[in-house]
Amino acid sequence: MMARVDCLTTVFVEDIPEQLEDGVLYVSRQCHVALHNCACGCGEEVSTPLVPTEYDLVMEDEGASIWPSIGNHDFPCGSHYIIKRGRIHWAGKMSREQIEAGRAYDRLLKRGAEPKGLRAIFAWFKRLWIKLIG
């Protein structure tokens, strides 16, 4: 088990490295992806596709921000966090019901729909973001 990290240094790369270093967020604009080792220190590789229906990357003076939150629900660690200005902001674990509702909402958004019944999920994520980052 590696050490938990509190921040990520952004490194822009053309090619994805074979081995990722802890505490580094690798961004490949060519591959439209950001990669890092899970911030909890479990060693799992986290891939965030940088496409409109997945994740947004914003570069700021203090570091990178990625939205939405990183939910490693399928990893044994189950970690959930937000990367804001290069810092890790830990979020609470989500219930299986919340995870599945979020995934259903994502699938509908990818089809170009904005379902009224699932707007509450988006509002919940927004409230979480404001509470943690504000």
# chains A, B, ... in the order shown; residues from 1 in each chain; ligands from 1

call {"tool": "closest_atom_pairs", "arguments": {"of": "range 85-108 of chain A", "to": "range 9-23 of chain A", "cutoff": "10 Å", "atoms": "only C-alpha atoms", "output": "Markdown table"}}
result
| residue | atom | partner | partner_atom | distance |
| --- | --- | --- | --- | --- |
| A:Arg85 | CA | A:Thr9 | CA | 9.7 |
| A:Gly86 | CA | A:Thr9 | CA | 6.4 |
| A:Arg87 | CA | A:Thr9 | CA | 8.9 |

call {"tool": "residues_around", "arguments": {"residues": "Trp67 in chain A", "least_positions_apart": "4", "cutoff": "7 Å", "atoms": "only C-alpha atoms", "output": "PyMOL selection string"}}
result
chain A and resi 55-57

call {"tool": "write_last_selection", "arguments": {"atoms": "N, CA and C atoms", "output": "tab-separated table (two decimals), in the first residue's frame"}}
result
chain	number	residue	atom	x	y	z
A	55	TYR	N	-15.54	13.87	-18.42
A	55	TYR	CA	-14.88	14.76	-17.46
A	55	TYR	C	-14.41	16.04	-18.12
A	56	ASP	N	-14.38	17.12	-17.32
A	56	ASP	CA	-13.82	18.39	-17.75
A	56	ASP	C	-12.54	18.63	-16.98
A	57	LEU	N	-11.55	19.16	-17.67
A	57	LEU	CA	-10.29	19.56	-17.05
A	57	LEU	C	-10.15	21.06	-17.20

call {"tool": "select_by_dssp", "arguments": {"residues": "chain A", "states": "strand (DSSP E)", "output": "PyMOL selection string"}}
result
chain A and resi 9-12+24-28+33-37+45-49+56-60+63-71+80-84+87-90

call {"tool": "write_last_selection", "arguments": {"atoms": "C-alpha atoms", "output": "PDB file, in the first residue's frame"}}
result
ATOM      1  CA  THR A   9       1.086  17.890  -9.779  1.00  0.00           C
ATOM      2  CA  THR A  10      -0.063  18.179 -13.384  1.00  0.00           C
ATOM      3  CA  VAL A  11       2.289  16.928 -16.099  1.00  0.00           C
ATOM      4  CA  PHE A  12       1.330  17.184 -19.770  1.00  0.00           C
ATOM      5  CA  VAL A  24       1.162  13.153 -10.469  1.00  0.00           C
ATOM      6  CA  LEU A  25      -1.784  13.844 -12.778  1.00  0.00           C
ATOM      7  CA  TYR A  26      -0.725  12.936 -16.312  1.00  0.00           C
ATOM      8  CA  VAL A  27      -2.705  14.780 -18.988  1.00  0.00           C
ATOM      9  CA  SER A  28      -2.571  13.750 -22.645  1.00  0.00           C
ATOM     10  CA  VAL A  33      -7.363  11.528 -21.052  1.00  0.00           C
ATOM     11  CA  ALA A  34      -5.987  12.315 -17.604  1.00  0.00           C
ATOM     12  CA  LEU A  35      -4.420   9.505 -15.567  1.00  0.00           C
ATOM     13  CA  HIS A  36      -3.228   9.234 -11.982  1.00  0.00           C
ATOM     14  CA  ASN A  37      -2.755   6.648  -9.271  1.00  0.00           C
ATOM     15  CA  GLU A  45      -4.670   3.506 -11.942  1.00  0.00           C
ATOM     16  CA  VAL A  46      -7.472   6.041 -12.455  1.00  0.00           C
ATOM     17  CA  SER A  47      -8.354   7.069 -16.004  1.00  0.00           C
ATOM     18  CA  THR A  48     -10.574  10.091 -16.628  1.00  0.00           C
ATOM     19  CA  PRO A  49     -11.617  10.541 -20.281  1.00  0.00           C
ATOM     20  CA  ASP A  56     -13.821  18.393 -17.752  1.00  0.00           C
ATOM     21  CA  LEU A  57     -10.287  19.559 -17.047  1.00  0.00           C
ATOM     22  CA  VAL A  58      -9.674  23.185 -16.099  1.00  0.00           C
ATOM     23  CA  MET A  59      -6.152  24.481 -15.605  1.00  0.00           C
ATOM     24  CA  GLU A  60      -5.730  27.196 -12.986  1.00  0.00           C
ATOM     25  CA  GLY A  63      -3.197  23.373 -10.527  1.00  0.00           C
ATOM     26  CA  ALA A  64      -5.729  21.245 -12.395  1.00  0.00           C
ATOM     27  CA  SER A  65      -9.388  20.820 -11.541  1.00  0.00           C
ATOM     28  CA  ILE A  66     -11.387  17.846 -12.806  1.00  0.00           C
ATOM     29  CA  TRP A  67     -15.174  17.603 -12.694  1.00  0.00           C
ATOM     30  CA  PRO A  68     -17.205  15.610 -11.885  1.00  0.00           C
ATOM     31  CA  SER A  69     -15.834  13.870  -8.830  1.00  0.00           C
ATOM     32  CA  ILE A  70     -13.626  10.806  -9.118  1.00  0.00           C
ATOM     33  CA  GLY A  71     -15.680   7.864  -7.897  1.00  0.00           C
ATOM     34  CA  HIS A  80     -14.428   9.195  -3.834  1.00  0.00           C
ATOM     35  CA  TYR A  81     -12.823  12.613  -4.225  1.00  0.00           C
ATOM     36  CA  ILE A  82     -12.713  15.841  -6.167  1.00  0.00           C
ATOM     37  CA  ILE A  83      -9.585  17.303  -7.729  1.00  0.00           C
ATOM     38  CA  LYS A  84      -9.752  21.082  -7.343  1.00  0.00           C
ATOM     39  CA  ARG A  87      -5.712  19.444  -4.288  1.00  0.00           C
ATOM     40  CA  ILE A  88      -7.630  16.320  -3.291  1.00  0.00           C
ATOM     41  CA  HIS A  89     -10.949  17.007  -1.554  1.00  0.00           C
ATOM     42  CA  TRP A  90     -12.329  13.784  -0.099  1.00  0.00           C
TER      43      TRP A  90
END

call {"tool": "atom_distance", "arguments": {"atom1": "CA of Arg29 in chain A", "atom2": "CA of Pro52 in chain A"}}
result
13.4 Å

call {"tool": "atom_distance", "arguments": {"atom1": "CA of Cys7 in chain A", "atom2": "CA of Glu62 in chain A"}}
result
10.5 Å

call {"tool": "select_by_dssp", "arguments": {"residues": "chain A", "states": "helix (DSSP H, G or I)", "output": "ChimeraX atom specification"}}
result
/A:96-110,116-132

call {"tool": "write_last_selection", "arguments": {"atoms": "C-alpha atoms", "output": "compact mmCIF listing (two decimals), in the first residue's frame"}}
result
# COMPACT_ATOMS: atom_id res chain seq x y z
CA ARG A 96 -25.00 1.47 -4.33
CA GLU A 97 -28.33 3.18 -5.09
CA GLN A 98 -26.61 6.58 -5.53
CA ILE A 99 -23.91 5.04 -7.73
CA GLU A 100 -26.43 3.29 -9.99
CA ALA A 101 -28.61 6.42 -10.23
CA GLY A 102 -25.55 8.48 -11.21
CA ARG A 103 -24.59 5.93 -13.85
CA ALA A 104 -28.12 5.91 -15.25
CA TYR A 105 -28.03 9.70 -15.44
CA ASP A 106 -24.66 9.57 -17.24
CA ARG A 107 -26.02 7.10 -19.80
CA LEU A 108 -28.98 9.38 -20.53
CA LEU A 109 -26.75 12.44 -20.90
CA LYS A 110 -24.55 10.54 -23.37
CA LYS A 116 -36.36 15.64 -15.53
CA GLY A 117 -36.68 12.79 -13.02
CA LEU A 118 -32.93 12.60 -12.53
CA ARG A 119 -32.24 16.32 -12.15
CA ALA A 120 -32.21 15.72 -8.40
CA ILE A 121 -29.05 13.65 -8.81
CA PHE A 122 -27.30 16.49 -10.60
CA ALA A 123 -28.48 18.87 -7.89
CA TRP A 124 -27.08 16.50 -5.22
CA PHE A 125 -23.66 16.48 -6.93
CA LYS A 126 -23.77 20.26 -7.21
CA ARG A 127 -24.60 20.62 -3.50
CA LEU A 128 -21.75 18.24 -2.66
CA TRP A 129 -19.37 20.29 -4.78
CA ILE A 130 -20.41 23.56 -3.14
CA LYS A 131 -20.21 22.03 0.35
CA LEU A 132 -16.72 20.63 -0.21

call {"tool": "residues_around", "arguments": {"residues": "Ala3 in chain A", "least_positions_apart": "5", "cutoff": "9 Å", "atoms": "only C-alpha atoms", "output": "list in words"}}
result
Asp22, Ala39, Cys40, Gly41 and Cys42 of chain A

call {"tool": "closest_residue", "arguments": {"among": "A:Asp61, A:Thr53, A:Asn72, A:Ser95", "to": "Arg111 in chain A", "atoms": "only C-alpha atoms"}}
result
A:Thr53

call {"tool": "atom_distance", "arguments": {"atom1": "CA of Gln30 in chain A", "atom2": "CA of Leu50 in chain A"}}
result
10.3 Å
